[in-house]
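Structure file model-v6.cif with mmCIF, C-alpha atoms:
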```cif
data_my_file
#
loop_
_atom_site.label_atom_id
_atom_site.label_comp_id
_atom_site.auth_asym_id
_atom_site.auth_seq_id
_atom_site.Cartn_x
_atom_site.Cartn_y
_atom_site.Cartn_z
CA MET A 1408 4.00 -10.59 52.84
CA ALA A 1409 1.39 -7.88 52.91
CA LEU A 1410 0.27 -6.26 49.70
CA SER A 1411 1.59 -2.77 48.99
CA LYS A 1412 -0.73 0.15 48.41
CA GLU A 1413 0.02 -0.02 44.73
CA GLN A 1414 -0.69 -3.74 44.60
CA ILE A 1415 -3.99 -3.24 46.35
CA ALA A 1416 -4.90 -0.61 43.76
CA ARG A 1417 -3.70 -2.70 40.82
CA TYR A 1418 -5.60 -5.82 41.85
CA SER A 1419 -8.55 -4.15 43.56
CA ARG A 1420 -11.19 -5.43 41.13
CA GLN A 1421 -10.16 -9.03 41.61
CA LEU A 1422 -9.25 -8.72 45.30
CA ILE A 1423 -12.92 -8.14 46.07
CA LEU A 1424 -13.93 -11.37 44.36
CA PRO A 1425 -15.31 -14.00 46.71
CA GLY A 1426 -12.71 -16.68 47.16
CA LEU A 1427 -9.79 -14.55 46.01
CA GLY A 1428 -8.91 -11.72 48.42
CA VAL A 1429 -5.46 -10.95 49.78
CA LYS A 1430 -4.76 -14.62 50.35
CA GLY A 1431 -5.53 -15.47 46.75
CA GLN A 1432 -3.48 -12.57 45.49
CA GLU A 1433 -0.51 -13.70 47.55
CA ARG A 1434 -1.01 -17.15 46.23
CA LEU A 1435 -0.79 -15.83 42.67
CA ARG A 1436 2.31 -13.82 43.51
CA SER A 1437 4.11 -16.89 44.76
CA ALA A 1438 2.90 -18.99 41.85
CA SER A 1439 4.62 -19.79 38.56
CA VAL A 1440 3.17 -20.59 35.16
CA LEU A 1441 4.98 -21.82 32.06
CA VAL A 1442 3.49 -20.73 28.74
CA VAL A 1443 4.58 -22.99 25.89
CA GLY A 1444 4.55 -20.93 22.72
CA ALA A 1445 4.32 -17.14 22.53
CA GLY A 1446 1.88 -17.40 19.64
CA GLY A 1447 -1.83 -17.01 19.08
CA LEU A 1448 -2.80 -18.84 22.28
CA GLY A 1449 0.24 -18.02 24.38
CA SER A 1450 -0.16 -14.29 23.76
CA PRO A 1451 -3.56 -13.69 25.37
CA ALA A 1452 -2.89 -16.38 27.95
CA ALA A 1453 0.40 -14.84 29.09
CA LEU A 1454 -1.07 -11.33 29.12
CA TYR A 1455 -3.90 -12.31 31.45
CA ILE A 1456 -1.63 -14.42 33.63
CA ALA A 1457 0.76 -11.49 34.02
CA ALA A 1458 -2.02 -8.96 34.53
CA ALA A 1459 -3.56 -11.11 37.27
CA GLY A 1460 -0.34 -10.95 39.26
CA VAL A 1461 1.20 -14.38 38.82
CA GLY A 1462 4.70 -13.94 40.22
CA THR A 1463 6.76 -15.94 37.78
CA ILE A 1464 5.94 -16.53 34.12
CA GLY A 1465 8.07 -18.73 31.93
CA ILE A 1466 7.65 -18.32 28.22
CA ILE A 1467 9.30 -20.63 25.75
CA ASP A 1468 9.36 -20.14 21.99
CA ARG A 1469 12.15 -20.66 19.49
CA GLU A 1470 10.68 -18.45 16.78
CA THR A 1471 11.15 -14.87 15.76
CA VAL A 1472 8.25 -12.49 15.19
CA ALA A 1473 6.89 -12.48 11.63
CA LEU A 1474 4.50 -9.98 10.12
CA SER A 1475 2.00 -12.78 9.53
CA ASN A 1476 1.92 -13.45 13.30
CA LEU A 1477 0.55 -10.08 14.24
CA HIS A 1478 -3.13 -10.57 13.43
CA ARG A 1479 -3.37 -12.91 16.41
CA GLN A 1480 -0.17 -12.91 18.44
CA ILE A 1481 -0.94 -9.84 20.49
CA LEU A 1482 2.18 -10.04 22.63
CA HIS A 1483 4.18 -8.75 19.69
CA GLU A 1484 4.19 -5.56 17.69
CA THR A 1485 5.06 -4.40 14.21
CA ALA A 1486 8.34 -2.86 15.27
CA GLY A 1487 9.33 -6.23 16.72
CA VAL A 1488 9.25 -8.19 13.47
CA GLY A 1489 12.41 -10.27 13.31
CA ARG A 1490 13.02 -10.27 17.06
CA PRO A 1491 12.88 -13.44 19.14
CA LYS A 1492 9.32 -13.92 20.36
CA SER A 1493 10.60 -14.75 23.81
CA ASP A 1494 12.26 -11.31 24.08
CA SER A 1495 9.28 -9.51 22.64
CA ALA A 1496 7.01 -11.34 25.06
CA ARG A 1497 9.20 -10.58 28.07
CA GLU A 1498 9.16 -6.87 27.30
CA ARG A 1499 5.44 -6.71 26.73
CA LEU A 1500 4.64 -8.63 29.91
CA ALA A 1501 7.05 -6.53 31.95
CA ALA A 1502 5.44 -3.37 30.60
CA LEU A 1503 2.02 -4.67 31.56
CA ASN A 1504 3.03 -5.79 35.03
CA PRO A 1505 6.53 -4.90 36.24
CA GLU A 1506 6.03 -7.14 39.25
CA ALA A 1507 5.99 -10.27 37.14
CA GLN A 1508 9.26 -12.08 36.84
CA VAL A 1509 9.42 -13.27 33.25
CA VAL A 1510 11.74 -16.10 32.29
CA ALA A 1511 12.12 -15.98 28.51
CA MET A 1512 13.51 -19.03 26.73
CA GLN A 1513 14.28 -18.96 23.03
CA GLU A 1514 14.28 -22.66 22.35
CA SER A 1515 11.94 -25.52 21.56
CA LEU A 1516 10.96 -28.15 24.07
CA GLU A 1517 12.88 -31.36 23.52
CA ALA A 1518 12.42 -34.80 25.04
CA ALA A 1519 15.87 -34.67 26.64
CA THR A 1520 15.28 -31.41 28.50
CA ILE A 1521 11.55 -31.02 28.92
CA LEU A 1522 11.34 -32.38 32.46
CA GLU A 1523 13.82 -29.84 33.78
CA ARG A 1524 12.18 -27.02 31.82
CA LEU A 1525 8.75 -27.80 33.24
CA ALA A 1526 9.76 -28.81 36.75
CA PRO A 1527 10.03 -25.33 38.31
CA TYR A 1528 6.46 -24.33 37.38
CA ASP A 1529 3.14 -24.86 39.12
CA VAL A 1530 1.02 -24.97 35.97
CA VAL A 1531 1.84 -25.41 32.28
CA LEU A 1532 -0.17 -23.85 29.45
CA ASP A 1533 0.27 -25.54 26.10
CA GLY A 1534 -0.15 -23.00 23.34
CA SER A 1535 2.20 -24.76 20.93
CA ASP A 1536 1.36 -25.29 17.30
CA ASN A 1537 2.16 -28.89 16.51
CA PHE A 1538 1.25 -32.40 17.59
CA PRO A 1539 4.77 -33.61 18.51
CA THR A 1540 5.14 -30.82 21.08
CA ARG A 1541 1.61 -31.29 22.38
CA TYR A 1542 2.06 -35.00 23.08
CA LEU A 1543 5.51 -34.36 24.53
CA VAL A 1544 4.15 -31.67 26.87
CA ASN A 1545 1.24 -33.89 27.91
CA ASP A 1546 3.51 -36.83 28.66
CA ALA A 1547 5.97 -34.68 30.60
CA CYS A 1548 3.19 -33.10 32.67
CA VAL A 1549 1.73 -36.52 33.47
CA LEU A 1550 5.18 -37.82 34.47
CA LEU A 1551 5.72 -34.75 36.66
CA ARG A 1552 2.11 -34.81 37.95
CA LYS A 1553 1.85 -31.20 36.90
CA PRO A 1554 -1.40 -29.43 36.00
CA LEU A 1555 -1.62 -28.69 32.29
CA VAL A 1556 -4.07 -26.56 30.39
CA HIS A 1557 -4.38 -27.65 26.78
CA GLY A 1558 -5.79 -25.37 24.12
CA GLY A 1559 -6.01 -25.73 20.37
CA VAL A 1560 -7.35 -23.40 17.71
CA VAL A 1561 -7.94 -23.56 14.00
CA HIS A 1562 -10.03 -21.52 11.58
CA LEU A 1563 -12.84 -20.03 13.70
CA GLY A 1564 -12.94 -22.58 16.50
CA GLY A 1565 -10.99 -24.47 19.08
CA GLN A 1566 -10.99 -26.51 22.25
CA VAL A 1567 -9.73 -26.39 25.82
CA LEU A 1568 -9.03 -29.13 28.36
CA THR A 1569 -7.55 -28.91 31.83
CA ILE A 1570 -5.44 -31.91 32.78
CA LEU A 1571 -4.82 -32.71 36.44
CA PRO A 1572 -2.74 -35.87 36.17
CA GLY A 1573 -4.17 -38.69 38.23
CA GLN A 1574 -7.47 -36.89 38.65
CA GLY A 1575 -8.80 -36.84 35.12
CA ALA A 1576 -8.24 -37.62 31.48
CA CYS A 1577 -4.97 -36.52 29.91
CA PHE A 1578 -4.60 -35.41 26.28
CA ARG A 1579 -3.63 -38.97 25.35
CA CYS A 1580 -6.75 -40.35 27.04
CA ALA A 1581 -8.73 -38.03 24.81
CA PHE A 1582 -6.70 -38.59 21.66
CA PRO A 1583 -4.47 -41.66 22.07
CA GLU A 1584 -2.04 -41.04 19.23
CA PRO A 1585 -0.88 -38.16 17.08
CA PRO A 1586 -1.42 -38.46 13.34
CA GLN A 1587 1.22 -40.35 11.41
CA PRO A 1588 3.75 -37.99 9.87
CA GLY A 1589 3.42 -39.94 6.62
CA ALA A 1590 -0.25 -39.03 6.42
CA ILE A 1591 0.56 -35.39 6.39
CA PRO A 1592 0.40 -33.67 3.07
CA SER A 1593 1.58 -30.24 4.07
CA CYS A 1594 3.30 -28.24 6.75
CA GLN A 1595 1.57 -25.07 5.78
CA GLU A 1596 -0.83 -23.22 7.92
CA ALA A 1597 -4.54 -23.79 7.70
CA GLY A 1598 -5.65 -20.35 8.73
CA VAL A 1599 -7.10 -18.98 11.92
CA LEU A 1600 -9.05 -15.91 12.94
CA GLY A 1601 -7.12 -13.98 15.56
CA SER A 1602 -10.16 -13.50 17.76
CA ALA A 1603 -10.68 -17.28 17.92
CA ALA A 1604 -7.14 -17.66 19.24
CA GLY A 1605 -7.97 -14.88 21.71
CA ILE A 1606 -11.02 -16.75 22.97
CA ILE A 1607 -9.21 -20.05 23.44
CA GLY A 1608 -6.04 -18.47 24.86
CA THR A 1609 -8.06 -16.41 27.30
CA LEU A 1610 -9.92 -19.52 28.45
CA MET A 1611 -6.56 -21.18 29.04
CA ALA A 1612 -5.50 -18.31 31.30
CA HIS A 1613 -8.86 -18.56 33.06
CA GLU A 1614 -8.34 -22.25 33.75
CA ALA A 1615 -4.78 -21.72 34.99
CA LEU A 1616 -5.86 -18.95 37.39
CA LYS A 1617 -8.70 -21.14 38.70
CA VAL A 1618 -6.32 -24.03 39.30
CA LEU A 1619 -3.82 -21.78 41.09
CA LEU A 1620 -6.53 -20.22 43.24
CA GLY A 1621 -8.57 -23.35 43.81
CA LEU A 1622 -11.58 -21.49 42.45
CA GLY A 1623 -14.59 -23.04 40.74
CA GLN A 1624 -14.56 -26.21 38.68
CA PRO A 1625 -11.78 -26.62 36.15
CA LEU A 1626 -12.35 -28.29 32.78
CA VAL A 1627 -11.26 -31.68 34.06
CA ASN A 1628 -12.78 -34.59 32.15
CA ARG A 1629 -14.66 -32.05 30.07
CA LEU A 1630 -13.39 -31.03 26.65
CA LEU A 1631 -14.78 -27.59 25.91
CA VAL A 1632 -15.34 -27.14 22.20
CA PHE A 1633 -15.87 -23.71 20.68
CA ASP A 1634 -17.73 -23.70 17.39
CA GLY A 1635 -16.72 -20.29 16.15
CA HIS A 1636 -18.92 -20.59 13.11
CA MET A 1637 -22.02 -20.59 15.29
CA SER A 1638 -20.33 -18.84 18.24
CA ARG A 1639 -21.43 -21.75 20.38
CA PHE A 1640 -19.72 -23.61 23.19
CA ARG A 1641 -20.32 -27.26 23.88
CA GLU A 1642 -18.55 -29.74 26.04
CA VAL A 1643 -18.05 -33.44 25.77
CA PRO A 1644 -17.21 -35.68 28.70
CA LEU A 1645 -13.86 -37.46 28.80
CA ARG A 1646 -12.63 -40.24 31.03
CA ARG A 1647 -9.27 -41.60 31.96
CA GLN A 1648 -8.48 -44.54 29.73
CA ALA A 1649 -7.51 -47.72 31.53
CA ASP A 1650 -5.03 -48.38 28.72
CA CYS A 1651 -3.65 -44.86 28.37
CA ALA A 1652 -0.02 -45.10 27.28
CA VAL A 1653 1.14 -42.52 29.78
CA CYS A 1654 -1.35 -41.96 32.62
CA SER A 1655 -2.72 -45.47 33.24
CA ASP A 1656 -1.52 -47.74 36.01
CA ALA A 1657 0.60 -49.67 33.53
CA PRO A 1658 2.05 -46.98 31.28
CA THR A 1659 4.20 -47.81 28.27
CA ILE A 1660 5.62 -44.30 28.22
CA ARG A 1661 7.83 -43.83 31.26
CA GLU A 1662 9.97 -40.97 30.05
CA PRO A 1663 9.47 -38.16 27.55
CA ARG A 1664 10.06 -39.33 24.03
CA ALA A 1665 10.44 -37.43 20.83
CA TYR A 1666 8.00 -37.70 18.01
CA SER A 1667 8.78 -36.84 14.45
CA GLN A 1668 9.66 -33.21 14.12
CA GLU A 1669 9.91 -33.30 10.36
CA CYS A 1670 6.56 -31.67 9.97
CA ARG A 1671 5.68 -29.06 12.51
CA GLY A 1672 2.40 -27.33 11.97
CA VAL A 1673 0.81 -30.68 11.21
CA GLU A 1674 -2.23 -29.68 13.14
CA VAL A 1675 -4.69 -29.56 10.38
CA GLY A 1676 -2.74 -30.68 7.41
CA SER A 1677 -2.85 -34.12 8.94
CA MET A 1678 -6.55 -34.24 8.34
CA LYS A 1679 -6.11 -32.75 4.92
CA TYR A 1680 -7.89 -29.66 6.02
CA GLU A 1681 -7.86 -26.61 3.89
CA VAL A 1682 -4.31 -25.40 3.74
CA GLY A 1683 -3.32 -21.79 3.37
CA GLN A 1684 -0.33 -20.35 1.60
CA ASP A 1685 1.46 -18.80 4.51
CA THR A 1686 4.66 -20.60 3.63
CA ALA A 1687 6.90 -17.92 5.04
CA ASP A 1688 5.57 -18.72 8.48
CA PRO A 1689 4.94 -22.42 8.87
CA HIS A 1690 5.52 -22.64 12.59
CA GLN A 1691 3.44 -20.21 14.56
CA MET B 1360 -34.54 -41.21 10.12
CA ALA B 1361 -32.66 -38.01 10.77
CA VAL B 1362 -29.63 -37.65 12.98
CA THR B 1363 -27.82 -34.38 13.60
CA VAL B 1364 -24.09 -34.64 13.01
CA ARG B 1365 -21.81 -31.90 14.29
CA ILE B 1366 -18.93 -31.24 11.97
CA PRO B 1367 -15.63 -29.99 13.42
CA THR B 1368 -14.45 -26.58 12.27
CA PRO B 1369 -11.67 -27.86 10.01
CA LEU B 1370 -14.03 -30.10 8.03
CA GLN B 1371 -16.78 -27.57 7.55
CA ARG B 1372 -15.45 -26.61 4.15
CA LEU B 1373 -16.62 -30.05 3.01
CA THR B 1374 -20.12 -29.38 4.29
CA ASN B 1375 -20.63 -26.00 2.65
CA GLY B 1376 -19.62 -24.26 5.85
CA GLN B 1377 -22.33 -25.95 7.90
CA SER B 1378 -21.43 -26.93 11.44
CA GLU B 1379 -24.38 -29.32 11.65
CA VAL B 1380 -25.75 -31.62 8.96
CA GLN B 1381 -28.52 -34.19 8.89
CA CYS B 1382 -27.71 -37.83 8.09
CA THR B 1383 -29.27 -41.24 8.45
CA GLY B 1384 -27.99 -44.61 9.64
CA THR B 1385 -28.61 -47.15 12.36
CA THR B 1386 -25.00 -47.43 13.49
CA VAL B 1387 -22.06 -45.02 13.63
CA THR B 1388 -20.49 -46.76 10.65
CA ALA B 1389 -23.68 -46.48 8.61
CA LEU B 1390 -24.02 -42.86 9.60
CA LEU B 1391 -20.47 -42.04 8.54
CA ASN B 1392 -21.06 -43.79 5.22
CA ASP B 1393 -24.15 -41.68 4.67
CA LEU B 1394 -22.22 -38.58 5.66
CA GLU B 1395 -19.59 -39.49 3.07
CA LYS B 1396 -22.28 -39.88 0.41
CA ARG B 1397 -23.67 -36.43 1.14
CA HIS B 1398 -20.32 -34.75 1.68
CA PRO B 1399 -17.60 -36.65 -0.19
CA GLY B 1400 -14.18 -36.57 1.40
CA VAL B 1401 -15.31 -36.34 5.00
CA LYS B 1402 -14.92 -40.00 5.91
CA GLU B 1403 -11.26 -40.37 4.98
CA ARG B 1404 -10.48 -37.53 7.37
CA ILE B 1405 -12.21 -39.39 10.18
CA CYS B 1406 -11.39 -43.02 9.41
CA ASP B 1407 -8.29 -44.80 8.18
CA GLU B 1408 -8.07 -47.03 5.08
CA THR B 1409 -9.54 -49.96 6.99
CA GLY B 1410 -12.53 -47.90 8.06
CA LYS B 1411 -11.40 -47.65 11.67
CA LEU B 1412 -11.74 -44.37 13.47
CA ARG B 1413 -8.45 -42.48 13.48
CA ARG B 1414 -6.74 -42.34 16.88
CA PHE B 1415 -6.85 -38.55 17.03
CA VAL B 1416 -10.57 -38.34 16.28
CA ASN B 1417 -13.43 -39.09 18.64
CA VAL B 1418 -17.11 -39.59 17.96
CA PHE B 1419 -19.71 -38.84 20.59
CA VAL B 1420 -23.31 -40.01 20.47
CA ASN B 1421 -25.49 -37.83 22.64
CA GLU B 1422 -22.34 -36.66 24.41
CA GLU B 1423 -21.10 -40.16 25.19
CA ASP B 1424 -17.79 -41.29 23.72
CA ILE B 1425 -18.42 -44.27 21.45
CA ARG B 1426 -15.24 -45.85 22.84
CA PHE B 1427 -17.34 -46.42 25.97
CA LEU B 1428 -20.33 -47.64 23.98
CA GLN B 1429 -20.08 -50.15 21.15
CA GLY B 1430 -17.51 -48.25 19.09
CA ASP B 1431 -18.43 -47.81 15.45
CA GLN B 1432 -21.22 -50.34 15.91
CA THR B 1433 -22.94 -48.09 18.45
CA ALA B 1434 -26.64 -47.93 17.62
CA ILE B 1435 -28.08 -44.64 16.40
CA LYS B 1436 -31.72 -43.69 16.58
CA ASP B 1437 -33.87 -40.91 15.27
CA GLY B 1438 -33.16 -37.61 16.95
CA ASP B 1439 -29.71 -38.56 18.22
CA GLU B 1440 -26.93 -36.03 18.11
CA VAL B 1441 -23.51 -37.11 16.95
CA SER B 1442 -20.36 -35.02 17.37
CA ILE B 1443 -17.09 -35.59 15.54
CA ILE B 1444 -14.20 -34.12 17.50
CA PRO B 1445 -10.59 -34.27 16.30
CA ALA B 1446 -7.51 -33.21 18.21
CA ILE B 1447 -6.42 -29.74 17.24
CA ALA B 1448 -2.80 -28.68 17.42
CA GLY B 1449 -2.96 -25.15 16.10
CA GLY B 1450 -1.80 -22.38 18.33
#
```
Structure rendered as structure tokens:
Amino acid sequence: MALSKEQIARYSRQLILPGLGVKGQERLRSASVLVVGAGGLGSPAALYIAAAGVGTIGIIDRETVALSNLHRQILHETAGVGRPKSDSARERLAALNPEAQVVAMQESLEAATILERLAPYDVVLDGSDNFPTRYLVNDACVLLRKPLVHGGVVHLGGQVLTILPGQGACFRCAFPEPPQPGAIPSCQEAGVLGSAAGIIGTLMAHEALKVLLGLGQPLVNRLLVFDGHMSRFREVPLRRQADCAVCSDAPTIREPRAYSQECRGVEVGSMKYEVGQDTADPHQ
Amino acid sequence: MAVTVRIPTPLQRLTNGQSEVQCTGTTVTALLNDLEKRHPGVKERICDETGKLRRFVNVFVNEEDIRFLQGDQTAIKDGDEVSIIPAIAGG
């Protein structure tokens, strides 16, 4: 399929990139990306994925838009408070790039259904907000051998890791187990600067586009850590763990399994980090 | 003997907002104990009740994961750089 005149105009600044071109653009058009969470990370990630011309974008989020989301969740707008995030996201992405087919799902990922939800997509971006979902998404992507871009953000900083199952460390190789729910003092939010979520979410989109295009070197076996306090990036090397519960040669996890959902938003509370008072909005 | 320890964002409130602090110690365990002395409350976020590193926290000495060195008995020398990196779930 040749590109239309309008498509050539729309994508002209990236079409001229070495290694992209018409072939790369067509590759993006026939590609699909699932964005888990239409929140602080999913918003910038989905916007750049859609803008770049990825043909099919799945977006899954069970929440509705809250006023306290808007300082960072740039897919949504003030008039959309109370609407399902998945709907709000679909509209915003369609307005940005009408060529993108957006599959909006207002639900949470569950162990019983995650494999079928993820299966149709080429790459998964995890912008969720809690450890149970993050480990579930990692395990499912490893089981499906599906590329996964992990991003996490809190306060002023965050981290990004690209997981190509079988080729590099998975999230569980990096961090073998989620915190115990019993060790968690609070489900409340810990606070985050919207621009930090923008930086991490944008990096996630960058990694996904690179993986789809086969461009450059993805963050495989390299955990990129953003110290937002100093505005400094560092990376630490990771390796596949011979005893990884899901991606080793003798895995103990052979199907997606649920972790405690009793405390979502455990991300930082689990380490007894400073906890904010945003009780009206504990999830995203 | 001074070692630079990089503090993860969520714990920086325990280090007066500093992302790097200086500590001393000849092993990772000794270093973390010194860190705790200077900045009370940090160690329990990193280690469990038995003193073992929590499974969602990693420590790197000069950018090498201590799980591939000698764990918490990994030797530390003057000028080393130690990074504490927890999993982050926020989105």
Proximal residues of chain A relative to chain B (only C-alpha atoms; 7 Å) as a PDB file with C-alpha atoms, in the coordinates of the input:
```
ATOM      1  CA  GLY A1446       1.880 -17.400  19.640  1.00  0.00           C
ATOM      2  CA  GLY A1447      -1.830 -17.010  19.080  1.00  0.00           C
ATOM      3  CA  LEU A1448      -2.800 -18.840  22.280  1.00  0.00           C
ATOM      4  CA  GLY A1534      -0.150 -23.000  23.340  1.00  0.00           C
ATOM      5  CA  SER A1535       2.200 -24.760  20.930  1.00  0.00           C
ATOM      6  CA  ASP A1536       1.360 -25.290  17.300  1.00  0.00           C
ATOM      7  CA  ASN A1537       2.160 -28.890  16.510  1.00  0.00           C
ATOM      8  CA  PHE A1538       1.250 -32.400  17.590  1.00  0.00           C
ATOM      9  CA  GLY A1559      -6.010 -25.730  20.370  1.00  0.00           C
ATOM     10  CA  VAL A1560      -7.350 -23.400  17.710  1.00  0.00           C
ATOM     11  CA  VAL A1561      -7.940 -23.560  14.000  1.00  0.00           C
ATOM     12  CA  HIS A1562     -10.030 -21.520  11.580  1.00  0.00           C
ATOM     13  CA  LEU A1563     -12.840 -20.030  13.700  1.00  0.00           C
ATOM     14  CA  GLY A1564     -12.940 -22.580  16.500  1.00  0.00           C
ATOM     15  CA  PHE A1582      -6.700 -38.590  21.660  1.00  0.00           C
ATOM     16  CA  PRO A1583      -4.470 -41.660  22.070  1.00  0.00           C
ATOM     17  CA  GLU A1584      -2.040 -41.040  19.230  1.00  0.00           C
ATOM     18  CA  PRO A1585      -0.880 -38.160  17.080  1.00  0.00           C
ATOM     19  CA  PRO A1586      -1.420 -38.460  13.340  1.00  0.00           C
ATOM     20  CA  ASP A1634     -17.730 -23.700  17.390  1.00  0.00           C
ATOM     21  CA  VAL A1643     -18.050 -33.440  25.770  1.00  0.00           C
ATOM     22  CA  PRO A1644     -17.210 -35.680  28.700  1.00  0.00           C
ATOM     23  CA  GLU A1674      -2.230 -29.680  13.140  1.00  0.00           C
ATOM     24  CA  MET A1678      -6.550 -34.240   8.340  1.00  0.00           C
ATOM     25  CA  LYS A1679      -6.110 -32.750   4.920  1.00  0.00           C
ATOM     26  CA  TYR A1680      -7.890 -29.660   6.020  1.00  0.00           C
ATOM     27  CA  GLN A1691       3.440 -20.210  14.560  1.00  0.00           C
TER      28      GLN A1691
END
```
Straight-line distance linking atom CA of Ile1481 of chain A with atom CA of Val1530 of chain A, stated in Å to one decimal: 21.7 Å
Selection result for the PyMOL selection byres ((chain B and resi 1431) around 6) on this file, as a PyMOL selection string: chain B and resi 1387-1388+1430+1432-1433
Computed interatomic separation between atom CA of Cys1406 of chain B and atom CA of Ala1604 of chain A (Å):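 Distance between the two atoms: 27.5 Å.
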Picked residues, the PyMOL selection byres ((chain A and resi 1484) around 12), expected as an MDAnalysis selection string: chainID A and resid 1450 1471:1483 1485:1492 1494:1496 1498:1499
Point-to-point distance from atom CA of Ala1612 of chain A to atom CA of Gly1449 of chain A, Å rounded to tenths: 9.0 Å
Shell around Asp1439 of chain B at 9 Å using only C-alpha atoms, local window under 3 positions removed, as a list in words: Ala1361, Val1362, Thr1363, Val1364, Val1420, Asn1421, Ile1435 and Lys1436 of chain B
Neighbour list for Lys1553 of chain A as an NGL selection string, cut-off 8 Å, all atoms listed in the file, skip fewer than 6 positions in-chain: :A and (1529-1531 or 1571-1572)
Same residues, C-alpha atoms, saved as a short mmCIF file (atom, residue, chain, number, x, y, z; two decimals), keeping the file's coordinate frame:
```
data_model
loop_
_atom_site.label_atom_id
_atom_site.label_comp_id
_atom_site.auth_asym_id
_atom_site.auth_seq_id
_atom_site.Cartn_x
_atom_site.Cartn_y
_atom_site.Cartn_z
CA ASP A 1529 3.14 -24.86 39.12
CA VAL A 1530 1.02 -24.97 35.97
CA VAL A 1531 1.84 -25.41 32.28
CA LEU A 1571 -4.82 -32.71 36.44
CA PRO A 1572 -2.74 -35.87 36.17
#
```
Nearest-residue call for Thr1383 of chain B, choices B:Asp1437, B:Ile1425, B:Lys1402, B:Lys1411, using only C-alpha atoms: B:Asp1437
Minimum-distance residue to Pro1539 of chain A, chosen among A:Ile1660, A:Ile1570, A:Leu1516, A:Leu1630 (using all atoms listed in the file): A:Leu1516
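Note on the selection: in this file the PyMOL selection byres ((chain A and resi 1415-1426) around 10) comes out as Ala1409, Leu1410, Ser1411, Lys1412, Glu1413, Gln1414, Leu1427, Gly1428, Val1429, Lys1430, Gly1431, Gln1432, Ala1458, Ala1459, Gly1460, Asn1504, Leu1620, Gly1621, Leu1622 and Gly1623 of chain A.
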How would the residues just chosen look if you wrote them out with C-alpha atoms as a PDB file, keeping the file's coordinate frame?
```
ATOM      1  CA  ALA A1409       1.390  -7.880  52.910  1.00  0.00           C
ATOM      2  CA  LEU A1410       0.270  -6.260  49.700  1.00  0.00           C
ATOM      3  CA  SER A1411       1.590  -2.770  48.990  1.00  0.00           C
ATOM      4  CA  LYS A1412      -0.730   0.150  48.410  1.00  0.00           C
ATOM      5  CA  GLU A1413       0.020  -0.020  44.730  1.00  0.00           C
ATOM      6  CA  GLN A1414      -0.690  -3.740  44.600  1.00  0.00           C
ATOM      7  CA  LEU A1427      -9.790 -14.550  46.010  1.00  0.00           C
ATOM      8  CA  GLY A1428      -8.910 -11.720  48.420  1.00  0.00           C
ATOM      9  CA  VAL A1429      -5.460 -10.950  49.780  1.00  0.00           C
ATOM     10  CA  LYS A1430      -4.760 -14.620  50.350  1.00  0.00           C
ATOM     11  CA  GLY A1431      -5.530 -15.470  46.750  1.00  0.00           C
ATOM     12  CA  GLN A1432      -3.480 -12.570  45.490  1.00  0.00           C
ATOM     13  CA  ALA A1458      -2.020  -8.960  34.530  1.00  0.00           C
ATOM     14  CA  ALA A1459      -3.560 -11.110  37.270  1.00  0.00           C
ATOM     15  CA  GLY A1460      -0.340 -10.950  39.260  1.00  0.00           C
ATOM     16  CA  ASN A1504       3.030  -5.790  35.030  1.00  0.00           C
ATOM     17  CA  LEU A1620      -6.530 -20.220  43.240  1.00  0.00           C
ATOM     18  CA  GLY A1621      -8.570 -23.350  43.810  1.00  0.00           C
ATOM     19  CA  LEU A1622     -11.580 -21.490  42.450  1.00  0.00           C
ATOM     20  CA  GLY A1623     -14.590 -23.040  40.740  1.00  0.00           C
TER      21      GLY A1623
END
```
Non-local contacts of Leu1543 of chain A (10 Å; all atoms listed in the file; under 5 positions in same chain excluded) as a ChimeraX atom specification: /A:1516-1518,1521,1538,1548-1549,1662-1666
